[in-house]
Amino acid sequence: EMQGQKIPDNLQVWMQDRVHATINESAFFIMRREVTVGEFQEYVKTLKGTEQDKLGKAWQQNNKNYQVASVPWWAAQGYADWLSQQTGCSFTLPTYNQWVAASIHTAEPKNAVIRDTQSDLTLKPRQETPAKVVDLLGNLREWSIDQCSNQKGHYLLGADYKIWRVNIAGKPVCEKSTL
């Protein structure tokens with residue numbers, strides 16, 4: 001739970017649009033790592049052929065332990081809904097404020113996978129670490145359940161492994177749900 005928290009100095013470049021905001025958020029749980037290709041593949045097997053065609057193959061990789069990427073919003077939320085059915089627990093994509101709150105508590109900007117912290121342009125697989133959340137700021141952008149103000153898309157939060165630190169926008173990107 002977070003009440004009356006401000007954005008710390010080391011996160012301000014990542015959350016420029018919230019620098020002067022006060023963050024208030026009820027308690028919630030968040031995954032410690034991004035969903036893997038293998039985990040997502042189990043969900044995809046349950047989709048109808050037309051839905052699989054709509055999803056495409058951009059998310060597929062040879063290594064099932066890598067994070068799943070290039071997934072449209074509807075499939076990311078669909079995975080959360082499917083996982084809820086499989087486990088009996090309630091899962092959803094994070095709200096923008098939940099992402100900010102989780103970043104304040106756990107993100108380490110120096111460990112964010114972005115272009116000035118790596119010599120090659122590849123996604124970096126990360127293992128789950130007890131009591132630590134990885135890759136909220138970098139490596140892959142995160143879909144939010146929150147719709148953009150124009151209601152034609154959803155927020156993508158954070159940055160990805162292809163961006164240079166000097167190009168971090170510091171605000172969410174509004175993206176159409178279908179990419």
# chains A, B, ... in the order shown; residues from 1 in each chain; ligands from 1
>>> closest_atom_pairs(of="range 9-72 of chain A", to="range 80-88 of chain A", cutoff="12 Å", atoms="only C-alpha atoms", output="JSON lines")
{"residue": "A:Ile30", "atom": "CA", "partner": "A:Ala80", "partner_atom": "CA", "distance": 11.9}
{"residue": "A:Met31", "atom": "CA", "partner": "A:Ala80", "partner_atom": "CA", "distance": 11.3}
{"residue": "A:Val35", "atom": "CA", "partner": "A:Ala80", "partner_atom": "CA", "distance": 10.1}
{"residue": "A:Glu39", "atom": "CA", "partner": "A:Leu83", "partner_atom": "CA", "distance": 9.6}
{"residue": "A:Phe40", "atom": "CA", "partner": "A:Leu83", "partner_atom": "CA", "distance": 9.7}
{"residue": "A:Gln41", "atom": "CA", "partner": "A:Trp82", "partner_atom": "CA", "distance": 11.7}
{"residue": "A:Glu42", "atom": "CA", "partner": "A:Trp82", "partner_atom": "CA", "distance": 9.7}
{"residue": "A:Tyr43", "atom": "CA", "partner": "A:Trp82", "partner_atom": "CA", "distance": 6.7}
{"residue": "A:Val44", "atom": "CA", "partner": "A:Trp82", "partner_atom": "CA", "distance": 9.8}
{"residue": "A:Lys45", "atom": "CA", "partner": "A:Trp82", "partner_atom": "CA", "distance": 11.2}
{"residue": "A:Thr46", "atom": "CA", "partner": "A:Trp82", "partner_atom": "CA", "distance": 8.9}
{"residue": "A:Leu47", "atom": "CA", "partner": "A:Trp82", "partner_atom": "CA", "distance": 10.2}
>>> residues_around(residues="Trp143 in chain A", least_positions_apart="2", cutoff="8 Å", atoms="only C-alpha atoms", output="JSON, numbers by chain")
{"A": [73, 76, 93, 94, 141, 145, 154, 155, 156, 157]}
>>> residues_around(residues="Ser70 in chain A", least_positions_apart="6", cutoff="12 Å", atoms="only C-alpha atoms", output="ChimeraX atom specification")
/A:37,40,55-61,76,123,140-143,156,160,177-179
>>> closest_atom_pairs(of="range 86-160 of chain A", to="range 3-26 of chain A", cutoff="10 Å", atoms="only C-alpha atoms", output="JSON lines")
{"residue": "A:Thr95", "atom": "CA", "partner": "A:Glu25", "partner_atom": "CA", "distance": 9.9}
{"residue": "A:Asn97", "atom": "CA", "partner": "A:Glu25", "partner_atom": "CA", "distance": 6.8}
{"residue": "A:Gln98", "atom": "CA", "partner": "A:Glu25", "partner_atom": "CA", "distance": 6.7}
{"residue": "A:Val100", "atom": "CA", "partner": "A:Met15", "partner_atom": "CA", "distance": 7.9}
{"residue": "A:Ala101", "atom": "CA", "partner": "A:Glu25", "partner_atom": "CA", "distance": 7.1}
{"residue": "A:Ala102", "atom": "CA", "partner": "A:Glu25", "partner_atom": "CA", "distance": 9.9}
{"residue": "A:Ser103", "atom": "CA", "partner": "A:Leu11", "partner_atom": "CA", "distance": 8.2}
{"residue": "A:Ile104", "atom": "CA", "partner": "A:Ile7", "partner_atom": "CA", "distance": 6.9}
{"residue": "A:His105", "atom": "CA", "partner": "A:Pro8", "partner_atom": "CA", "distance": 10.0}
{"residue": "A:Ala107", "atom": "CA", "partner": "A:Leu11", "partner_atom": "CA", "distance": 8.4}
{"residue": "A:Glu108", "atom": "CA", "partner": "A:Asn10", "partner_atom": "CA", "distance": 8.5}
{"residue": "A:Pro109", "atom": "CA", "partner": "A:Leu11", "partner_atom": "CA", "distance": 7.0}
{"residue": "A:Lys110", "atom": "CA", "partner": "A:Asn10", "partner_atom": "CA", "distance": 9.2}
{"residue": "A:Leu137", "atom": "CA", "partner": "A:Trp14", "partner_atom": "CA", "distance": 7.3}
{"residue": "A:Gly138", "atom": "CA", "partner": "A:Trp14", "partner_atom": "CA", "distance": 9.6}
{"residue": "A:Leu157", "atom": "CA", "partner": "A:Trp14", "partner_atom": "CA", "distance": 9.4}
{"residue": "A:Gly158", "atom": "CA", "partner": "A:Trp14", "partner_atom": "CA", "distance": 6.9}
{"residue": "A:Ala159", "atom": "CA", "partner": "A:Trp14", "partner_atom": "CA", "distance": 8.2}
>>> write_last_selection(atoms="all heavy atoms", output="compact mmCIF listing (two decimals), in the first residue's frame")
# COMPACT_ATOMS: atom_id res chain seq x y z
N THR A 95 -2.61 -1.26 -13.39
CA THR A 95 -2.98 0.12 -13.69
C THR A 95 -1.70 0.92 -13.79
O THR A 95 -0.63 0.46 -13.36
CB THR A 95 -3.88 0.74 -12.60
OG1 THR A 95 -3.10 0.87 -11.40
CG2 THR A 95 -5.14 -0.09 -12.36
N ASN A 97 -0.97 3.57 -12.08
CA ASN A 97 -0.52 3.87 -10.71
C ASN A 97 0.09 2.65 -10.03
O ASN A 97 1.03 2.79 -9.25
CB ASN A 97 -1.65 4.43 -9.87
CG ASN A 97 -1.79 5.93 -10.01
OD1 ASN A 97 -0.94 6.59 -10.59
ND2 ASN A 97 -2.87 6.46 -9.49
N GLN A 98 -0.40 1.45 -10.30
CA GLN A 98 0.21 0.26 -9.73
C GLN A 98 1.63 0.08 -10.28
O GLN A 98 2.54 -0.26 -9.53
CB GLN A 98 -0.64 -0.98 -10.04
CG GLN A 98 -1.90 -1.06 -9.23
CD GLN A 98 -2.81 -2.18 -9.67
OE1 GLN A 98 -2.75 -2.66 -10.81
NE2 GLN A 98 -3.68 -2.62 -8.76
N VAL A 100 3.61 2.46 -11.33
CA VAL A 100 4.43 3.49 -10.68
C VAL A 100 4.77 3.07 -9.26
O VAL A 100 5.93 3.13 -8.84
CB VAL A 100 3.72 4.87 -10.70
CG1 VAL A 100 4.44 5.87 -9.81
CG2 VAL A 100 3.62 5.41 -12.12
N ALA A 101 3.77 2.61 -8.50
CA ALA A 101 4.00 2.21 -7.11
C ALA A 101 4.99 1.05 -7.03
O ALA A 101 5.91 1.06 -6.20
CB ALA A 101 2.67 1.83 -6.45
N ALA A 102 4.83 0.06 -7.90
CA ALA A 102 5.76 -1.08 -7.91
C ALA A 102 7.17 -0.62 -8.29
O ALA A 102 8.16 -1.08 -7.71
CB ALA A 102 5.27 -2.15 -8.88
N SER A 103 7.26 0.31 -9.22
CA SER A 103 8.57 0.84 -9.63
C SER A 103 9.24 1.58 -8.48
O SER A 103 10.44 1.44 -8.25
CB SER A 103 8.43 1.76 -10.84
OG SER A 103 7.97 1.05 -11.96
N ILE A 104 8.47 2.38 -7.75
CA ILE A 104 9.02 3.11 -6.60
C ILE A 104 9.59 2.15 -5.57
O ILE A 104 10.68 2.36 -5.03
CB ILE A 104 7.96 4.04 -5.97
CG1 ILE A 104 7.68 5.22 -6.91
CG2 ILE A 104 8.40 4.53 -4.60
CD1 ILE A 104 6.50 6.08 -6.48
N HIS A 105 8.89 1.07 -5.33
CA HIS A 105 9.32 0.12 -4.30
C HIS A 105 10.43 -0.83 -4.75
O HIS A 105 11.22 -1.27 -3.91
CB HIS A 105 8.13 -0.72 -3.81
CG HIS A 105 7.30 -0.02 -2.80
ND1 HIS A 105 7.73 0.23 -1.52
CD2 HIS A 105 6.06 0.50 -2.89
CE1 HIS A 105 6.79 0.87 -0.86
NE2 HIS A 105 5.77 1.06 -1.67
N ALA A 107 12.07 -0.95 -8.39
CA ALA A 107 12.88 -0.76 -9.60
C ALA A 107 14.27 -0.22 -9.28
O ALA A 107 14.43 0.63 -8.40
CB ALA A 107 12.17 0.18 -10.56
N GLU A 108 15.23 -0.71 -10.02
CA GLU A 108 16.61 -0.25 -9.90
C GLU A 108 17.03 0.26 -11.28
O GLU A 108 17.39 -0.53 -12.15
CB GLU A 108 17.51 -1.39 -9.45
CG GLU A 108 17.16 -1.91 -8.06
CD GLU A 108 17.98 -3.13 -7.66
OE1 GLU A 108 18.80 -3.61 -8.48
OE2 GLU A 108 17.79 -3.58 -6.53
N PRO A 109 16.97 1.58 -11.48
CA PRO A 109 17.28 2.13 -12.81
C PRO A 109 18.62 1.68 -13.37
O PRO A 109 18.75 1.48 -14.58
CB PRO A 109 17.25 3.64 -12.58
CG PRO A 109 16.33 3.82 -11.43
CD PRO A 109 16.56 2.62 -10.55
N LYS A 110 19.60 1.47 -12.52
CA LYS A 110 20.92 1.06 -13.02
C LYS A 110 20.88 -0.34 -13.63
O LYS A 110 21.74 -0.71 -14.42
CB LYS A 110 21.97 1.13 -11.90
CG LYS A 110 21.79 0.12 -10.79
CD LYS A 110 22.87 0.30 -9.73
CE LYS A 110 22.86 -0.77 -8.67
NZ LYS A 110 21.71 -0.95 -7.87
N LEU A 137 11.19 -1.13 -15.53
CA LEU A 137 11.59 0.08 -16.26
C LEU A 137 12.06 -0.21 -17.67
O LEU A 137 11.78 0.57 -18.58
CB LEU A 137 12.69 0.82 -15.50
CG LEU A 137 12.35 1.29 -14.09
CD1 LEU A 137 13.56 1.94 -13.45
CD2 LEU A 137 11.18 2.24 -14.12
N GLY A 138 12.80 -1.28 -17.85
CA GLY A 138 13.40 -1.56 -19.14
C GLY A 138 13.24 -3.01 -19.54
O GLY A 138 12.59 -3.78 -18.85
N LEU A 157 3.92 1.07 -20.66
CA LEU A 157 4.69 1.70 -19.59
C LEU A 157 6.15 1.27 -19.63
O LEU A 157 6.47 0.16 -20.03
CB LEU A 157 4.07 1.33 -18.24
CG LEU A 157 2.57 1.62 -18.11
CD1 LEU A 157 2.00 0.98 -16.86
CD2 LEU A 157 2.31 3.10 -18.15
N GLY A 158 7.02 2.15 -19.18
CA GLY A 158 8.45 1.85 -19.13
C GLY A 158 9.11 2.05 -20.48
O GLY A 158 8.63 2.80 -21.33
N ALA A 159 10.23 1.38 -20.66
CA ALA A 159 11.01 1.47 -21.89
C ALA A 159 11.37 0.06 -22.32
O ALA A 159 11.09 -0.91 -21.62
CB ALA A 159 12.26 2.31 -21.66
>>> select_by_dssp(residues="range 38-169 of chain A", states="helix (DSSP H, G or I)", output="number ranges by chain")
A: 38-44, 49-55, 73-87, 96-106, 109-111, 115-117, 165-167
>>> select_by_dssp(residues="range 20-89 of chain A", states="strand (DSSP E or B)", output="MDAnalysis selection string")
chainID A and resid 23:25 36 67
>>> residues_around(residues="Arg32 in chain A", least_positions_apart="6", cutoff="10 Å", atoms="only C-alpha atoms", output="ChimeraX atom specification")
/A:106,126-136
>>> atom_distance(atom1="CA of Glu51 in chain A", atom2="CA of Trp74 in chain A")
10.3 Å
>>> atom_distance(atom1="CA of Gln77 in chain A", atom2="CA of Thr92 in chain A")
6.4 Å
>>> closest_residue(among="A:Leu121, A:Ser90, A:Asn139, A:Glu1", to="Glu34 in chain A", atoms="only C-alpha atoms")
A:Asn139
>>> decode(residues="range 9-23 of chain A", atoms="all heavy atoms", output="CSV table (one decimal), in the first residue's frame")
chain,number,residue,atom,x,y,z
A,9,ASP,N,14.1,10.8,-6.8
A,9,ASP,CA,15.0,11.4,-7.8
A,9,ASP,C,15.5,10.4,-8.8
A,9,ASP,O,15.5,10.7,-10.0
A,9,ASP,CB,16.2,12.1,-7.1
A,9,ASP,CG,15.8,13.3,-6.3
A,9,ASP,OD1,14.6,13.8,-6.5
A,9,ASP,OD2,16.6,13.8,-5.5
A,10,ASN,N,15.9,9.2,-8.4
A,10,ASN,CA,16.4,8.3,-9.4
A,10,ASN,C,15.4,7.7,-10.4
A,10,ASN,O,15.8,7.1,-11.3
A,10,ASN,CB,17.1,7.1,-8.6
A,10,ASN,CG,16.2,6.2,-7.9
A,10,ASN,OD1,15.1,6.6,-7.5
A,10,ASN,ND2,16.6,5.0,-7.7
A,11,LEU,N,14.1,7.9,-10.1
A,11,LEU,CA,13.1,7.5,-11.1
A,11,LEU,C,12.5,8.6,-11.9
A,11,LEU,O,11.6,8.3,-12.8
A,11,LEU,CB,12.0,6.7,-10.3
A,11,LEU,CG,12.4,5.4,-9.6
A,11,LEU,CD1,11.2,4.8,-8.9
A,11,LEU,CD2,12.9,4.4,-10.7
A,12,GLN,N,12.9,9.8,-11.6
A,12,GLN,CA,12.2,10.9,-12.3
A,12,GLN,C,12.3,10.9,-13.8
A,12,GLN,O,11.4,11.3,-14.5
A,12,GLN,CB,12.6,12.3,-11.7
A,12,GLN,CG,12.1,12.4,-10.3
A,12,GLN,CD,12.4,13.8,-9.7
A,12,GLN,OE1,12.9,14.6,-10.3
A,12,GLN,NE2,12.0,13.9,-8.4
A,13,VAL,N,13.4,10.5,-14.3
A,13,VAL,CA,13.6,10.4,-15.8
A,13,VAL,C,12.6,9.4,-16.4
A,13,VAL,O,12.1,9.6,-17.5
A,13,VAL,CB,15.0,10.1,-16.2
A,13,VAL,CG1,15.4,8.7,-15.9
A,13,VAL,CG2,15.2,10.4,-17.7
A,14,TRP,N,12.2,8.4,-15.7
A,14,TRP,CA,11.3,7.4,-16.1
A,14,TRP,C,9.9,7.8,-16.0
A,14,TRP,O,9.0,7.2,-16.6
A,14,TRP,CB,11.5,6.1,-15.3
A,14,TRP,CG,12.9,5.5,-15.5
A,14,TRP,CD1,14.0,5.9,-14.6
A,14,TRP,CD2,13.5,4.7,-16.4
A,14,TRP,NE1,15.1,5.2,-15.0
A,14,TRP,CE2,14.8,4.5,-16.2
A,14,TRP,CE3,12.9,4.0,-17.5
A,14,TRP,CZ2,15.6,3.6,-16.9
A,14,TRP,CZ3,13.7,3.2,-18.3
A,14,TRP,CH2,15.1,3.0,-18.0
A,15,MET,N,9.6,8.7,-15.1
A,15,MET,CA,8.2,9.1,-14.8
A,15,MET,C,8.0,10.6,-14.7
A,15,MET,O,7.5,11.2,-13.8
A,15,MET,CB,7.8,8.5,-13.5
A,15,MET,CG,7.9,7.0,-13.4
A,15,MET,SD,7.7,6.3,-11.8
A,15,MET,CE,8.5,4.7,-12.0
A,16,GLN,N,8.5,11.3,-15.8
A,16,GLN,CA,8.5,12.7,-15.8
A,16,GLN,C,7.1,13.3,-15.7
A,16,GLN,O,6.9,14.4,-15.1
A,16,GLN,CB,9.2,13.3,-17.1
A,16,GLN,CG,10.7,12.9,-17.1
A,16,GLN,CD,11.2,13.3,-18.5
A,16,GLN,OE1,10.7,14.0,-19.3
A,16,GLN,NE2,12.4,12.6,-18.8
A,17,ASP,N,6.2,12.6,-16.2
A,17,ASP,CA,4.8,13.1,-16.1
A,17,ASP,C,4.2,13.0,-14.7
A,17,ASP,O,3.1,13.6,-14.4
A,17,ASP,CB,3.9,12.4,-17.1
A,17,ASP,CG,3.7,11.0,-16.8
A,17,ASP,OD1,4.6,10.3,-16.4
A,17,ASP,OD2,2.6,10.5,-17.0
A,18,ARG,N,4.8,12.3,-13.8
A,18,ARG,CA,4.3,12.1,-12.4
A,18,ARG,C,5.2,12.8,-11.4
A,18,ARG,O,5.0,12.6,-10.2
A,18,ARG,CB,4.2,10.6,-12.1
A,18,ARG,CG,3.2,9.9,-13.0
A,18,ARG,CD,1.8,10.2,-12.6
A,18,ARG,NE,0.8,9.7,-13.5
A,18,ARG,CZ,-0.1,8.9,-13.2
A,18,ARG,NH1,-0.2,8.4,-11.9
A,18,ARG,NH2,-1.0,8.5,-14.1
A,19,VAL,N,6.2,13.5,-11.8
A,19,VAL,CA,7.2,14.0,-10.8
A,19,VAL,C,6.6,14.8,-9.7
A,19,VAL,O,6.9,14.7,-8.6
A,19,VAL,CB,8.3,14.9,-11.6
A,19,VAL,CG1,9.1,15.7,-10.6
A,19,VAL,CG2,9.2,14.0,-12.4
A,20,HIS,N,5.6,15.6,-10.0
A,20,HIS,CA,4.9,16.5,-9.0
A,20,HIS,C,3.7,15.8,-8.5
A,20,HIS,O,3.0,16.5,-7.6
A,20,HIS,CB,4.6,17.8,-9.6
A,20,HIS,CG,5.9,18.5,-10.1
A,20,HIS,ND1,6.9,19.0,-9.3
A,20,HIS,CD2,6.3,18.8,-11.4
A,20,HIS,CE1,7.9,19.5,-10.0
A,20,HIS,NE2,7.5,19.4,-11.3
A,21,ALA,N,3.4,14.6,-8.9
A,21,ALA,CA,2.1,14.0,-8.4
A,21,ALA,C,2.4,13.2,-7.1
A,21,ALA,O,3.5,12.9,-6.8
A,21,ALA,CB,1.7,13.0,-9.5
A,22,THR,N,1.4,13.0,-6.3
A,22,THR,CA,1.4,12.2,-5.1
A,22,THR,C,0.8,10.9,-5.5
A,22,THR,O,-0.3,10.9,-6.1
A,22,THR,CB,0.6,12.9,-4.0
A,22,THR,OG1,1.2,14.2,-3.7
A,22,THR,CG2,0.7,12.1,-2.7
A,23,ILE,N,1.5,9.8,-5.2
A,23,ILE,CA,1.0,8.5,-5.6
A,23,ILE,C,0.3,7.9,-4.4
A,23,ILE,O,0.8,7.7,-3.3
A,23,ILE,CB,2.1,7.6,-6.0
A,23,ILE,CG1,2.9,8.2,-7.1
A,23,ILE,CG2,1.6,6.2,-6.4
A,23,ILE,CD1,2.2,8.6,-8.4
